[in-house]
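Asks: File name upload.txt; file contents compact mmCIF, C-alpha atoms; full text below.
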# COMPACT_ATOMS: atom_id res chain seq x y z
CA MET A 1 -18.30 23.05 -22.99
CA ARG A 2 -18.20 25.64 -20.21
CA GLU A 3 -18.91 22.94 -17.59
CA ARG A 4 -16.17 20.71 -18.98
CA ARG A 5 -13.63 23.52 -18.77
CA PHE A 6 -14.71 24.26 -15.21
CA THR A 7 -14.26 20.59 -14.29
CA ILE A 8 -10.78 20.56 -15.80
CA TRP A 9 -9.82 23.66 -13.79
CA VAL A 10 -11.14 22.17 -10.57
CA LEU A 11 -9.26 18.92 -11.24
CA LEU A 12 -6.09 20.83 -11.96
CA VAL A 13 -6.31 22.89 -8.78
CA LEU A 14 -7.04 19.72 -6.77
CA LEU A 15 -4.10 17.92 -8.35
CA LEU A 16 -1.75 20.78 -7.51
CA LEU A 17 -3.07 21.01 -3.95
CA VAL A 18 -2.61 17.26 -3.48
CA LEU A 19 0.90 17.51 -4.88
CA LEU A 20 1.78 20.38 -2.55
CA ASN A 21 0.38 18.59 0.51
CA LEU A 22 1.60 15.04 -0.08
CA PRO A 23 2.78 13.22 3.05
CA ALA A 24 6.57 13.23 3.38
CA GLY A 25 6.88 9.52 2.60
CA ARG A 26 4.97 9.70 -0.67
CA SER A 27 6.67 12.91 -1.68
CA LEU A 28 10.05 11.26 -1.12
CA ALA A 29 8.98 8.21 -3.11
CA ILE A 30 8.09 10.42 -6.10
CA LYS A 31 11.34 12.36 -5.78
CA ASN A 32 13.31 9.11 -5.62
CA ALA A 33 11.53 7.82 -8.73
CA VAL A 34 12.46 11.01 -10.62
CA ARG A 35 16.07 10.83 -9.39
CA SER A 36 16.42 7.15 -10.26
CA ALA A 37 14.92 7.72 -13.72
CA LEU A 38 17.33 10.53 -14.51
CA ALA A 39 20.41 9.10 -12.76
CA PRO A 40 21.78 7.17 -15.79
CA LEU A 41 21.44 10.25 -17.99
CA GLN A 42 23.06 12.49 -15.38
CA GLU A 43 25.84 9.97 -14.81
CA SER A 44 26.71 9.67 -18.49
CA ALA A 45 26.48 13.45 -19.03
CA SER A 46 28.70 14.30 -16.05
CA GLY A 47 31.07 11.45 -16.97
CA GLY A 48 31.35 12.75 -20.54
CA LEU A 49 31.99 16.26 -19.28
CA ALA A 50 34.65 15.01 -16.86
CA ARG A 51 36.40 13.10 -19.68
CA LEU A 52 36.36 16.23 -21.84
CA ARG A 53 37.87 18.24 -18.97
CA GLU A 54 40.53 15.58 -18.38
CA GLY A 55 41.33 15.48 -22.11
CA TRP A 56 41.72 19.24 -22.22
CA ALA A 57 43.88 19.21 -19.10
CA THR A 58 46.09 16.51 -20.67
CA VAL A 59 46.53 18.55 -23.84
CA ARG A 60 47.36 21.66 -21.83
CA GLY A 61 49.75 19.82 -19.53
CA LEU A 62 51.81 17.96 -22.16
CA GLY A 63 54.65 20.49 -22.00
CA GLY A 64 55.03 20.27 -18.24
CA MET A 65 54.83 16.48 -17.93
CA ALA A 66 58.57 15.93 -17.43
CA VAL A 67 58.69 18.50 -14.64
CA GLU A 68 55.52 17.05 -13.13
CA HIS A 69 57.00 13.52 -13.30
CA GLN A 70 60.10 14.68 -11.45
CA ARG A 71 58.00 16.41 -8.81
CA MET A 72 55.83 13.31 -8.35
CA ALA A 73 58.90 11.07 -7.95
CA VAL A 74 60.14 13.28 -5.12
CA GLU A 75 56.66 13.28 -3.59
CA VAL A 76 56.42 9.46 -3.77
CA ALA A 77 59.79 9.12 -2.02
CA ARG A 78 58.68 11.54 0.70
CA LEU A 79 55.37 9.70 1.19
CA GLN A 80 57.09 6.29 1.33
CA SER A 81 59.33 7.52 4.10
CA GLU A 82 56.31 8.98 5.89
CA VAL A 83 54.44 5.66 5.59
CA ARG A 84 57.41 3.83 7.15
CA ASP A 85 57.41 6.26 10.08
CA LEU A 86 53.65 5.95 10.49
CA LYS A 87 53.80 2.15 10.49
CA SER A 88 56.15 2.15 13.43
CA LEU A 89 53.93 4.72 15.18
CA GLU A 90 50.86 2.57 14.48
CA ARG A 91 52.52 -0.47 16.03
CA GLU A 92 53.49 1.57 19.05
CA ASN A 93 49.96 2.99 19.25
CA GLU A 94 48.40 -0.50 19.12
CA GLN A 95 50.69 -1.74 21.89
CA LEU A 96 49.86 1.23 24.12
CA ARG A 97 46.12 0.78 23.45
CA ALA A 98 46.37 -2.87 24.37
CA VAL A 99 48.08 -1.90 27.62
CA LEU A 100 45.37 0.70 28.36
CA GLY A 101 42.55 -1.72 27.54
CA PHE A 102 41.04 0.19 24.60
CA ALA A 103 39.31 -1.72 21.82
CA SER A 104 40.84 -1.34 18.37
CA ARG A 105 39.69 1.45 16.03
CA ALA A 106 36.10 1.02 14.92
CA GLU A 107 35.67 -0.50 11.47
CA ARG A 108 34.98 2.09 8.79
CA ASP A 109 33.53 0.75 5.61
CA LEU A 110 34.12 3.13 2.70
CA ILE A 111 31.57 3.08 -0.09
CA PRO A 112 33.21 4.70 -3.13
CA ALA A 113 30.91 6.85 -5.25
CA GLU A 114 31.09 9.22 -8.18
CA VAL A 115 29.55 12.68 -8.14
CA ILE A 116 26.94 12.74 -10.91
CA ALA A 117 25.32 16.13 -10.29
CA ARG A 118 25.55 19.22 -8.16
CA GLY A 119 22.59 20.91 -6.54
CA ARG A 120 21.81 23.80 -8.86
CA ASP A 121 18.76 25.10 -7.02
CA GLY A 122 21.02 27.65 -5.33
CA TRP A 123 19.29 27.41 -1.96
CA TRP A 124 21.25 24.50 -0.55
CA GLN A 125 24.71 23.23 -1.26
CA THR A 126 24.33 19.62 -2.25
CA LEU A 127 25.67 17.07 -4.64
CA ARG A 128 24.32 13.78 -5.94
CA ILE A 129 26.35 10.55 -5.95
CA ASN A 130 25.81 7.40 -7.99
CA LYS A 131 25.44 5.09 -4.99
CA GLY A 132 22.24 4.71 -3.00
CA GLY A 133 20.34 2.45 -0.67
CA ALA A 134 21.06 -0.59 -2.84
CA HIS A 135 24.79 -0.10 -2.16
CA GLY A 136 24.49 0.43 1.58
CA VAL A 137 24.32 4.24 1.62
CA ALA A 138 21.94 5.55 4.29
CA VAL A 139 20.71 8.92 5.54
CA ASN A 140 23.10 10.68 7.96
CA GLN A 141 26.18 8.80 6.85
CA ALA A 142 29.28 10.98 6.71
CA VAL A 143 30.77 11.56 3.26
CA ILE A 144 34.48 12.16 2.80
CA SER A 145 36.99 12.65 0.00
CA VAL A 146 40.70 11.89 0.00
CA ASP A 147 41.23 15.40 1.41
CA GLY A 148 38.72 15.37 4.24
CA LEU A 149 35.10 15.82 5.24
CA VAL A 150 32.63 16.57 2.45
CA GLY A 151 29.25 16.45 4.21
CA LYS A 152 26.48 14.07 5.15
CA VAL A 153 23.85 12.08 3.27
CA ILE A 154 20.43 13.73 3.48
CA SER A 155 18.31 11.61 1.15
CA VAL A 156 18.70 8.26 -0.50
CA SER A 157 17.06 6.52 -3.43
CA ALA A 158 17.92 3.01 -4.58
CA GLN A 159 20.66 4.13 -6.98
CA THR A 160 21.56 7.66 -5.86
CA ALA A 161 22.03 9.72 -2.72
CA ASP A 162 22.06 13.46 -2.04
CA VAL A 163 24.84 14.87 0.10
CA LEU A 164 24.54 18.12 2.07
CA LEU A 165 27.95 19.78 1.86
CA VAL A 166 29.79 20.98 4.95
CA SER A 167 29.77 24.46 3.38
CA ASP A 168 25.97 24.68 3.74
CA PRO A 169 24.80 26.73 6.75
CA THR A 170 22.36 23.97 7.73
CA CYS A 171 25.14 21.36 7.98
CA GLN A 172 26.51 21.57 11.51
CA VAL A 173 29.43 19.46 12.66
CA SER A 174 30.77 19.03 16.16
CA ALA A 175 34.46 19.82 15.76
CA GLN A 176 37.74 20.03 17.59
CA ILE A 177 40.97 21.94 17.04
CA LEU A 178 43.59 19.23 16.71
CA ARG A 179 46.51 21.17 18.30
CA SER A 180 44.74 22.47 21.39
CA GLY A 181 41.81 20.10 21.71
CA ALA A 182 39.29 22.98 21.87
CA PHE A 183 35.75 21.99 20.94
CA GLY A 184 33.29 23.96 18.82
CA VAL A 185 30.58 23.69 16.18
CA VAL A 186 31.43 24.08 12.50
CA ALA A 187 28.76 25.25 10.05
CA GLY A 188 29.04 26.42 6.46
CA ARG A 189 28.76 30.08 5.55
CA GLY A 190 27.08 29.43 2.23
CA PRO A 191 28.51 30.17 -1.17
CA GLN A 192 31.17 32.89 -1.39
CA TRP A 193 31.53 35.28 -4.32
CA ASP A 194 34.95 33.98 -5.28
CA GLY A 195 33.88 30.34 -5.06
CA THR A 196 35.96 29.56 -1.94
CA VAL A 197 34.42 27.34 0.70
CA ILE A 198 34.42 28.93 4.13
CA CYS A 199 32.94 27.44 7.26
CA ARG A 200 32.71 29.00 10.67
CA MET A 201 33.64 27.32 13.93
CA ASP A 202 31.69 28.83 16.82
CA PHE A 203 31.57 28.33 20.58
CA ILE A 204 35.33 27.81 21.04
CA ASN A 205 36.45 28.29 24.65
CA LYS A 206 37.89 31.82 24.82
CA ASN A 207 40.71 30.72 27.12
CA ILE A 208 42.15 28.18 24.68
CA PRO A 209 44.53 29.74 22.15
CA VAL A 210 43.57 29.19 18.51
CA GLN A 211 45.88 30.18 15.66
CA PRO A 212 45.52 30.51 11.91
CA GLY A 213 46.68 27.27 10.32
CA ASP A 214 45.37 25.04 13.12
CA GLU A 215 43.83 21.80 11.82
CA VAL A 216 40.13 21.32 12.53
CA ILE A 217 38.81 17.76 12.82
CA THR A 218 35.47 16.17 13.67
CA SER A 219 35.09 15.57 17.40
CA GLY A 220 32.90 12.47 17.18
CA LEU A 221 30.21 14.10 19.33
CA GLY A 222 26.75 14.39 17.84
CA GLY A 223 26.49 10.86 16.51
CA ILE A 224 26.85 11.42 12.77
CA PHE A 225 30.48 12.17 12.01
CA PRO A 226 33.11 9.81 13.43
CA ARG A 227 36.01 11.37 15.29
CA GLY A 228 39.16 12.42 13.48
CA LEU A 229 37.95 13.42 10.01
CA LEU A 230 39.84 16.47 8.75
CA ILE A 231 37.50 19.39 8.07
CA GLY A 232 39.99 22.12 7.21
CA TYR A 233 42.27 24.80 8.58
CA VAL A 234 41.67 27.88 10.70
CA ASP A 235 41.97 31.01 8.60
CA ARG A 236 40.98 33.83 10.97
CA VAL A 237 40.06 33.99 14.65
CA THR A 238 37.60 36.47 16.15
CA THR A 239 35.95 36.90 19.52
CA ASP A 240 32.23 36.29 19.75
CA ARG A 241 30.10 39.47 20.08
CA SER A 242 29.08 38.40 23.57
CA GLY A 243 32.75 38.03 24.50
CA LEU A 244 32.12 34.56 25.88
CA TYR A 245 33.48 32.49 23.02
CA GLN A 246 35.90 32.61 20.12
CA SER A 247 34.90 32.01 16.53
CA ALA A 248 37.13 30.96 13.65
CA ASP A 249 36.79 31.00 9.88
CA VAL A 250 37.70 27.55 8.62
CA ILE A 251 38.83 26.87 5.05
CA SER A 252 37.62 23.43 3.99
CA LYS A 253 40.46 21.08 3.02
CA ALA A 254 38.33 19.22 0.48
CA ASP A 255 37.78 21.21 -2.71
CA LEU A 256 34.00 20.92 -2.67
CA GLY A 257 33.56 22.70 -6.00
CA THR A 258 35.49 20.18 -8.09
CA LEU A 259 34.91 16.89 -6.29
CA GLN A 260 34.53 13.91 -8.57
CA TYR A 261 34.94 10.91 -6.29
CA VAL A 262 33.82 10.61 -2.68
CA PHE A 263 33.27 7.91 -0.07
CA ALA A 264 30.21 7.35 2.09
CA LEU A 265 31.33 6.21 5.51
CA ARG A 266 29.57 3.22 7.01
CA THR A 267 30.72 2.87 10.61
CA ALA A 268 29.91 0.09 13.02
CA THR A 269 29.68 2.60 15.85
CA PRO A 270 28.93 6.02 14.37
CA GLY A 271 30.07 8.99 16.40
CA ALA A 272 32.79 7.16 18.28
CA ALA A 273 36.07 6.08 16.79
CA TYR A 274 37.13 4.27 19.91
CA THR A 275 35.21 2.42 22.60
CA ARG A 276 36.41 1.24 25.94
CA SER A 277 36.27 -2.53 25.95
CA GLY A 278 34.63 -2.45 29.37
CA ASP A 279 31.85 -0.14 28.18
CA ALA A 280 31.23 -2.29 25.12
CA GLU A 281 30.72 -5.31 27.30
CA ALA A 282 28.20 -3.48 29.43
CA LEU A 283 25.96 -2.90 26.40
CA PRO A 284 22.99 -5.30 26.02
CA MET B 285 5.05 11.40 -30.99
CA ASN B 286 4.08 14.61 -29.18
CA GLN B 287 4.42 12.87 -25.83
CA LEU B 288 7.78 11.36 -26.71
CA ALA B 289 9.11 14.74 -27.85
CA LEU B 290 7.83 16.31 -24.63
CA ILE B 291 9.50 13.72 -22.40
CA PHE B 292 12.72 13.91 -24.41
CA ALA B 293 12.76 17.71 -24.12
CA LEU B 294 12.15 17.60 -20.38
CA MET B 295 14.75 14.93 -19.66
CA VAL B 296 17.47 16.57 -21.72
CA GLY B 297 16.47 19.95 -20.27
CA ALA B 298 16.76 18.64 -16.71
CA VAL B 299 20.21 17.17 -17.35
CA ILE B 300 21.47 20.38 -19.00
CA GLN B 301 20.00 22.49 -16.18
CA ALA B 302 21.86 20.35 -13.63
CA LEU B 303 25.14 20.62 -15.54
CA VAL B 304 25.30 24.37 -16.23
CA PRO B 305 27.35 26.03 -13.46
CA THR B 306 25.87 28.83 -11.37
CA THR B 307 27.56 32.04 -10.23
CA GLY B 308 27.30 34.36 -7.24
CA TRP B 309 26.56 37.34 -9.47
CA THR B 310 23.20 35.84 -10.39
CA GLY B 311 22.40 34.82 -6.81
CA TRP B 312 23.31 31.19 -7.65
CA ALA B 313 20.18 30.94 -9.79
CA PRO B 314 20.21 27.91 -12.13
CA ALA B 315 19.89 28.19 -15.90
CA PRO B 316 16.09 27.83 -16.34
CA VAL B 317 16.03 25.27 -19.14
CA LEU B 318 12.86 23.55 -17.88
CA GLY B 319 11.12 26.92 -17.45
CA ALA B 320 12.03 27.75 -21.04
CA VAL B 321 10.49 24.48 -22.23
CA VAL B 322 7.25 25.49 -20.45
CA VAL B 323 7.35 28.93 -22.14
CA HIS B 324 7.78 27.28 -25.53
CA TYR B 325 4.85 24.93 -25.03
CA ALA B 326 2.70 27.76 -23.64
CA LEU B 327 3.33 29.84 -26.77
CA VAL B 328 2.78 27.21 -29.46
CA ARG B 329 0.86 24.23 -28.10
CA PRO B 330 -2.70 23.51 -26.93
CA ARG B 331 -3.65 24.22 -23.30
CA GLY B 332 -3.79 20.55 -22.28
CA LEU B 333 -0.22 20.00 -23.35
CA VAL B 334 0.83 23.25 -21.62
CA LEU B 335 -0.54 21.99 -18.31
CA GLU B 336 1.03 18.58 -18.81
CA VAL B 337 4.45 20.01 -19.51
CA ALA B 338 4.11 22.47 -16.58
CA LEU B 339 3.27 19.69 -14.14
CA LEU B 340 6.00 17.37 -15.40
CA ALA B 341 8.67 20.10 -15.56
CA GLY B 342 7.82 21.11 -12.00
CA LEU B 343 7.90 17.50 -10.82
CA ILE B 344 11.31 16.93 -12.37
CA GLU B 345 12.72 20.23 -11.09
CA ASP B 346 11.50 19.65 -7.54
CA GLY B 347 12.37 15.95 -7.71
CA LEU B 348 15.99 16.74 -8.51
CA SER B 349 16.33 19.38 -5.79
CA GLN B 350 15.43 19.68 -2.10
CA VAL B 351 12.46 22.01 -2.86
CA PRO B 352 9.11 20.57 -1.62
CA LEU B 353 7.30 18.65 -4.33
CA GLY B 354 4.65 20.64 -6.22
CA THR B 355 6.15 24.11 -5.69
CA SER B 356 7.55 24.46 -9.21
CA SER B 357 4.61 22.60 -10.79
CA PHE B 358 2.22 25.17 -9.34
CA GLY B 359 4.38 28.08 -10.51
CA TYR B 360 4.83 26.67 -14.01
CA ALA B 361 1.14 25.78 -14.37
CA VAL B 362 0.03 29.32 -13.49
CA ALA B 363 2.74 30.90 -15.65
CA GLY B 364 1.97 28.58 -18.57
CA LEU B 365 -1.74 29.37 -18.46
CA VAL B 366 -1.10 33.12 -18.26
CA ILE B 367 1.17 32.98 -21.31
CA GLU B 368 -1.30 30.77 -23.17
CA HIS B 369 -4.03 33.34 -22.43
CA PHE B 370 -2.01 36.23 -23.87
CA ARG B 371 -0.28 34.46 -26.75
CA ASP B 372 -2.73 35.75 -29.36
CA ASP B 373 -1.70 39.32 -28.47
CA VAL B 374 2.02 38.79 -29.13
CA VAL B 375 4.22 37.73 -32.02
CA VAL B 376 4.84 34.16 -30.97
CA ARG B 377 7.97 33.44 -33.01
CA GLN B 378 9.87 36.64 -32.28
CA TRP B 379 12.93 36.51 -30.02
CA THR B 380 11.88 39.58 -28.03
CA THR B 381 8.72 37.72 -26.99
CA HIS B 382 10.83 34.83 -25.74
CA VAL B 383 13.16 37.18 -23.89
CA VAL B 384 10.31 39.00 -22.10
CA PHE B 385 8.24 35.91 -21.28
CA GLY B 386 11.32 33.90 -20.30
CA ALA B 387 12.51 36.60 -17.92
CA LEU B 388 9.09 37.18 -16.35
CA VAL B 389 8.21 33.50 -15.96
CA ASN B 390 11.53 32.59 -14.40
CA ALA B 391 11.46 35.54 -12.00
CA ALA B 392 7.83 34.85 -11.02
CA VAL B 393 8.40 31.11 -10.43
CA THR B 394 11.58 31.87 -8.47
CA PHE B 395 9.73 34.45 -6.37
CA PHE B 396 6.92 31.98 -5.65
CA ALA B 397 9.36 29.22 -4.67
CA MET B 398 11.27 31.71 -2.52
CA LEU B 399 8.10 32.70 -0.67
CA MET B 400 7.15 29.07 -0.08
CA LEU B 401 10.60 28.18 1.24
CA LEU B 402 10.74 31.25 3.48
CA LYS B 403 7.24 30.54 4.76
CA ASP B 404 8.24 27.01 5.76
CA GLY B 405 11.52 28.24 7.28
CA LEU B 406 13.53 26.03 4.95
CA ILE B 407 15.92 28.81 3.94
CA GLU B 408 17.33 31.83 5.76
CA PRO B 409 19.45 33.61 3.17
CA PRO B 410 20.57 37.23 3.56
CA PHE B 411 18.29 39.83 1.95
CA LEU B 412 20.94 40.67 -0.65
CA HIS B 413 20.99 37.05 -1.76
CA LEU B 414 17.22 37.13 -2.35
CA ILE B 415 17.44 40.32 -4.42
CA LEU B 416 20.38 39.00 -6.44
CA ARG B 417 18.57 35.73 -6.94
CA LEU B 418 15.52 37.45 -8.39
CA ALA B 419 17.63 39.66 -10.64
CA GLY B 420 19.64 36.60 -11.71
CA ALA B 421 16.46 34.66 -12.47
CA LEU B 422 15.21 37.57 -14.60
CA LEU B 423 18.48 37.77 -16.51
CA LEU B 424 18.95 34.02 -17.00
CA GLY B 425 15.34 33.60 -18.09
CA ALA B 426 15.87 36.29 -20.73
CA VAL B 427 19.08 34.67 -22.00
CA VAL B 428 18.19 30.97 -21.86
CA THR B 429 14.58 31.02 -23.15
CA PRO B 430 15.32 32.22 -26.73
CA LEU B 431 18.05 29.56 -27.05
CA VAL B 432 15.82 26.75 -25.78
CA PHE B 433 12.92 28.04 -27.92
CA ALA B 434 15.11 27.92 -31.04
CA ALA B 435 16.30 24.40 -30.17
CA LEU B 436 12.73 23.16 -29.61
CA GLU B 437 11.54 24.81 -32.83
CA HIS B 438 14.31 22.99 -34.66
CA MET B 439 13.27 19.71 -33.05
CA ASP B 440 9.62 20.38 -33.93
CA ARG B 441 10.52 21.12 -37.54
CA THR B 442 12.55 17.90 -37.69
CA LEU B 443 9.60 15.96 -36.33
CA GLY B 444 7.14 17.82 -38.58
CA HIS B 445 5.06 19.38 -35.78
CA VAL B 446 5.27 23.04 -36.84
CA ASP B 447 4.12 22.38 -40.37
CA ALA B 448 1.18 20.35 -39.15
CA GLU B 449 0.09 23.09 -36.74
CA ALA B 450 0.60 25.91 -39.23
CA GLY B 451 -1.56 24.07 -41.73
CA ALA B 452 -4.32 23.39 -39.19
Mind turning the file's structure into structure tokens?

Replies:
Amino acid sequence: MRERRFTIWVLLVLLLLVLLNLPAGRSLAIKNAVRSALAPLQESASGGLARLREGWATVRGLGGMAVEHQRMAVEVARLQSEVRDLKSLERENEQLRAVLGFASRAERDLIPAEVIARGRDGWWQTLRINKGGAHGVAVNQAVISVDGLVGKVISVSAQTADVLLVSDPTCQVSAQILRSGAFGVVAGRGPQWDGTVICRMDFINKNIPVQPGDEVITSGLGGIFPRGLLIGYVDRVTTDRSGLYQSADVISKADLGTLQYVFALRTATPGAAYTRSGDAEALP
Amino acid sequence: MNQLALIFALMVGAVIQALVPTTGWTGWAPAPVLGAVVVHYALVRPRGLVLEVALLAGLIEDGLSQVPLGTSSFGYAVAGLVIEHFRDDVVVRQWTTHVVFGALVNAAVTFFAMLMLLKDGLIEPPFLHLILRLAGALLLGAVVTPLVFAALEHMDRTLGHVDAEAGA
């Protein structure tokens, strides 16, 4: 009896040691199996919760629907006029690009996905989407919402993918201030007490003026995020302790806490929105 | 039937744990539903089943997060065996027992995971975050465990497990 118990203990310790020291590939395979097994349950639970929330919001908003309808009609008219203006600008842009010999904008394939879970481990800021390798999602693809950049894919199973949010300190994005063209690196500052999402843009040239309200976009450098994705707006500008650079607090445009639908971005040429036709020809 | 109930409890627990929102005041610690399931099994079930549930709960918890596989399994297995060792010295079906064990187990497993992650350089949170996280784990363990225990007791009674064990 005593020997049997000892054997069980040894086996248990060995099992735990093996589990803790599994090679990355096997460990990922087990994690993916767990994620895939629980994905349908998570999807239906989060879907049910979202429907409940929507139902409650509908009930609460019944009184203000007429006012909301009026506001939306005005908004639609404004957007239609904006689209007309943009179409003429796009035509003009295409003509100028043709004259300059630039290739047209790289194809961006959007893979729509639904958020089925949020990382609740509290160490990293992640969310899980209901599209995975089987749908064309791959590690290091940028993820966006209708408002702007959300983050990047960090792990993929057949049916799901985990996204590291731009608000996580380990998610670093090469960025640019749209107005002045100043470059910098945006990284998350982790969760804030009040739930707001704040990122920090570091290494901004101290001689380039940066103002609160400036739009911050991805620069396309670094190879993961294509150029031109809106990250957010500058909230506060400070000078680096060394005095060599400026830093800016950036408020994310996408509301990362309430996201329900996102898009994984599959680009033909990640990291570069435009390519010179001459350079493209020089490639093997 | 035991195995089915165990898997059902773990799967539902994992989904609930992933759905319950976290707050900054508890260091963003998650509601420890899976940890509470382990406490329940450690208090009322045989050792073999305790180890099984500890390993599976840890696998699911780590599988659904970015934490290296095996970290939570190790923590839950040790915690489960410690509780199982001392369960004859406590009143098993009293809520204060669940509060104390829930709080201690969750804080201990969180502390172990924290050490492992810090050791591997996977996290670099401010010191205040670590302290809040431990306090939050203690608090959430104390709150969630009695609720999960009651739910699992109800499920056991429905399935006829408690009566069978009490009669044995």

Asks: Rank nothing, just name the residue among A:Gly181, A:Gly48, A:Gly25, A:Pro191 nearest to chain B, using only C-alpha atoms.

Replies: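 Among the listed residues, A:Pro191 lies closest to chain B.
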
Asks: Can you check which residues of chain A have any atom within 9 Å of chain B? Use only C-alpha atoms and format it as a PyMOL selection string.

Replies: chain A and resi 12-13+16-22+27-28+30-35+38+41-42+45-46+49+117-124+126+170+190-195

Asks: Which residues, written as JSON, numbers by chain, have at least one atom at most 8 Å from Ser247 of chain A, with only C-alpha atoms counted and residues fewer than 5 positions away on the same chain left out?

Replies: {"A": [200, 201, 202, 203, 204, 237, 238, 239, 240]}

Asks: With distances taken over all atoms listed in the file, which of A:Arg241, A:Arg60, A:Arg78, A:Arg266 is nearest to Val153 of chain A?

Replies: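 Going through A:Arg241, A:Arg60, A:Arg78, A:Arg266 one by one, the smallest distance to Val153 of chain A is for A:Arg266.
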
Asks: Figure out the distance between atom CA of Trp379 of chain B and atom CA of Leu416 of chain B, please, to one decimal in Å.

Replies: 24.9 Å

Asks: Report, in Å with one decimal, the straight-line distance from atom CA of Ile231 of chain A to atom CA of Thr160 of chain A.

Replies: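 Between atom CA of Ile231 of chain A and atom CA of Thr160 of chain A the gap is 24.2 Å.
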
Asks: As an exercise, work out the distance from atom CA of Leu164 of chain A to atom CA of Ala392 of chain B in Å and give it to one decimal place.

Replies: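 Those two atoms sit 27.0 Å apart.
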
Asks: Using all atoms listed in the file, which residue out of B:Phe396, B:His324, B:Leu318, B:Leu365 lies closest to Gly342 of chain B?

Replies: B:Leu318

Asks: Show which residues sit within 9 Å of Val428 of chain B, as an mmCIF file with C-alpha atoms, in the frame of the given file. Count all atoms listed in the file, and ignore same-chain residues fewer than 4 positions away.

Replies:
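Once written, around_36.cif looks like this:
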data_model
loop_
_atom_site.group_PDB
_atom_site.id
_atom_site.type_symbol
_atom_site.label_atom_id
_atom_site.label_comp_id
_atom_site.auth_asym_id
_atom_site.auth_seq_id
_atom_site.Cartn_x
_atom_site.Cartn_y
_atom_site.Cartn_z
ATOM 1 C CA ALA B 315 19.890 28.190 -15.900
ATOM 2 C CA PRO B 316 16.090 27.830 -16.340
ATOM 3 C CA VAL B 317 16.030 25.270 -19.140
ATOM 4 C CA ALA B 320 12.030 27.750 -21.040
ATOM 5 C CA VAL B 383 13.160 37.180 -23.890
ATOM 6 C CA GLY B 386 11.320 33.900 -20.300
ATOM 7 C CA ALA B 387 12.510 36.600 -17.920
ATOM 8 C CA LEU B 423 18.480 37.770 -16.510
ATOM 9 C CA LEU B 424 18.950 34.020 -17.000
ATOM 10 C CA VAL B 432 15.820 26.750 -25.780
ATOM 11 C CA PHE B 433 12.920 28.040 -27.920
#

Asks: Pick out the closest residue to Ser242 of chain A from this set: A:Phe263, A:Ile144, A:Gly55, A:Lys206. Count all atoms listed in the file.

Replies: A:Lys206

Asks: Within 9 Å of (4.6, 28.4, -25.3) (file coordinates; all atoms listed in the file), which protein or nucleic acid residues are there? I'd like them as an NGL selection string.

Replies: :B and (320-330 or 334 or 364 or 367-368 or 371 or 376 or 382 or 433)

Asks: Return as lines of an AutoDock Vina configuration file the box centre and box size in Å, one decimal, for an axis-aligned box around all listed atoms of segment 316-320 of chain B padded by 4 Å per side.

Replies:
center_x = 13.6
center_y = 25.7
center_z = -18.7
size_x = 13.0
size_y = 12.3
size_z = 12.7

Asks: Using only C-alpha atoms for the distances, tell me which of A:Ala254, A:Val186, A:Val146, A:Val156 is nearest to Asn130 of chain A.

Replies: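 Nearest to Asn130 of chain A: A:Val156.
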
Asks: For segment 29-38 of chain A, supply N, CA and C atoms and format the output as a PDB file, in the coordinates of the input.

Replies:
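The new file part-v6.pdb reads:
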ATOM      1  N   ALA A  29       9.023   9.321  -2.153  1.00  0.00           N
ATOM      2  CA  ALA A  29       8.980   8.210  -3.110  1.00  0.00           C
ATOM      3  C   ALA A  29       8.940   8.757  -4.542  1.00  0.00           C
ATOM      4  N   ILE A  30       8.157   9.825  -4.761  1.00  0.00           N
ATOM      5  CA  ILE A  30       8.090  10.420  -6.100  1.00  0.00           C
ATOM      6  C   ILE A  30       9.438  11.035  -6.473  1.00  0.00           C
ATOM      7  N   LYS A  31      10.022  11.752  -5.514  1.00  0.00           N
ATOM      8  CA  LYS A  31      11.340  12.360  -5.780  1.00  0.00           C
ATOM      9  C   LYS A  31      12.366  11.277  -6.123  1.00  0.00           C
ATOM     10  N   ASN A  32      12.352  10.193  -5.361  1.00  0.00           N
ATOM     11  CA  ASN A  32      13.310   9.110  -5.620  1.00  0.00           C
ATOM     12  C   ASN A  32      13.101   8.500  -6.994  1.00  0.00           C
ATOM     13  N   ALA A  33      11.814   8.380  -7.401  1.00  0.00           N
ATOM     14  CA  ALA A  33      11.530   7.820  -8.730  1.00  0.00           C
ATOM     15  C   ALA A  33      12.107   8.738  -9.804  1.00  0.00           C
ATOM     16  N   VAL A  34      11.922  10.049  -9.637  1.00  0.00           N
ATOM     17  CA  VAL A  34      12.460  11.010 -10.620  1.00  0.00           C
ATOM     18  C   VAL A  34      13.978  10.924 -10.659  1.00  0.00           C
ATOM     19  N   ARG A  35      14.596  10.883  -9.466  1.00  0.00           N
ATOM     20  CA  ARG A  35      16.070  10.830  -9.390  1.00  0.00           C
ATOM     21  C   ARG A  35      16.605   9.551 -10.036  1.00  0.00           C
ATOM     22  N   SER A  36      15.945   8.423  -9.711  1.00  0.00           N
ATOM     23  CA  SER A  36      16.420   7.150 -10.260  1.00  0.00           C
ATOM     24  C   SER A  36      16.264   7.134 -11.777  1.00  0.00           C
ATOM     25  N   ALA A  37      15.156   7.717 -12.275  1.00  0.00           N
ATOM     26  CA  ALA A  37      14.920   7.720 -13.720  1.00  0.00           C
ATOM     27  C   ALA A  37      15.969   8.541 -14.449  1.00  0.00           C
ATOM     28  N   LEU A  38      16.384   9.639 -13.833  1.00  0.00           N
ATOM     29  CA  LEU A  38      17.330  10.530 -14.510  1.00  0.00           C
ATOM     30  C   LEU A  38      18.791  10.233 -14.186  1.00  0.00           C
TER      31      LEU A  38
END
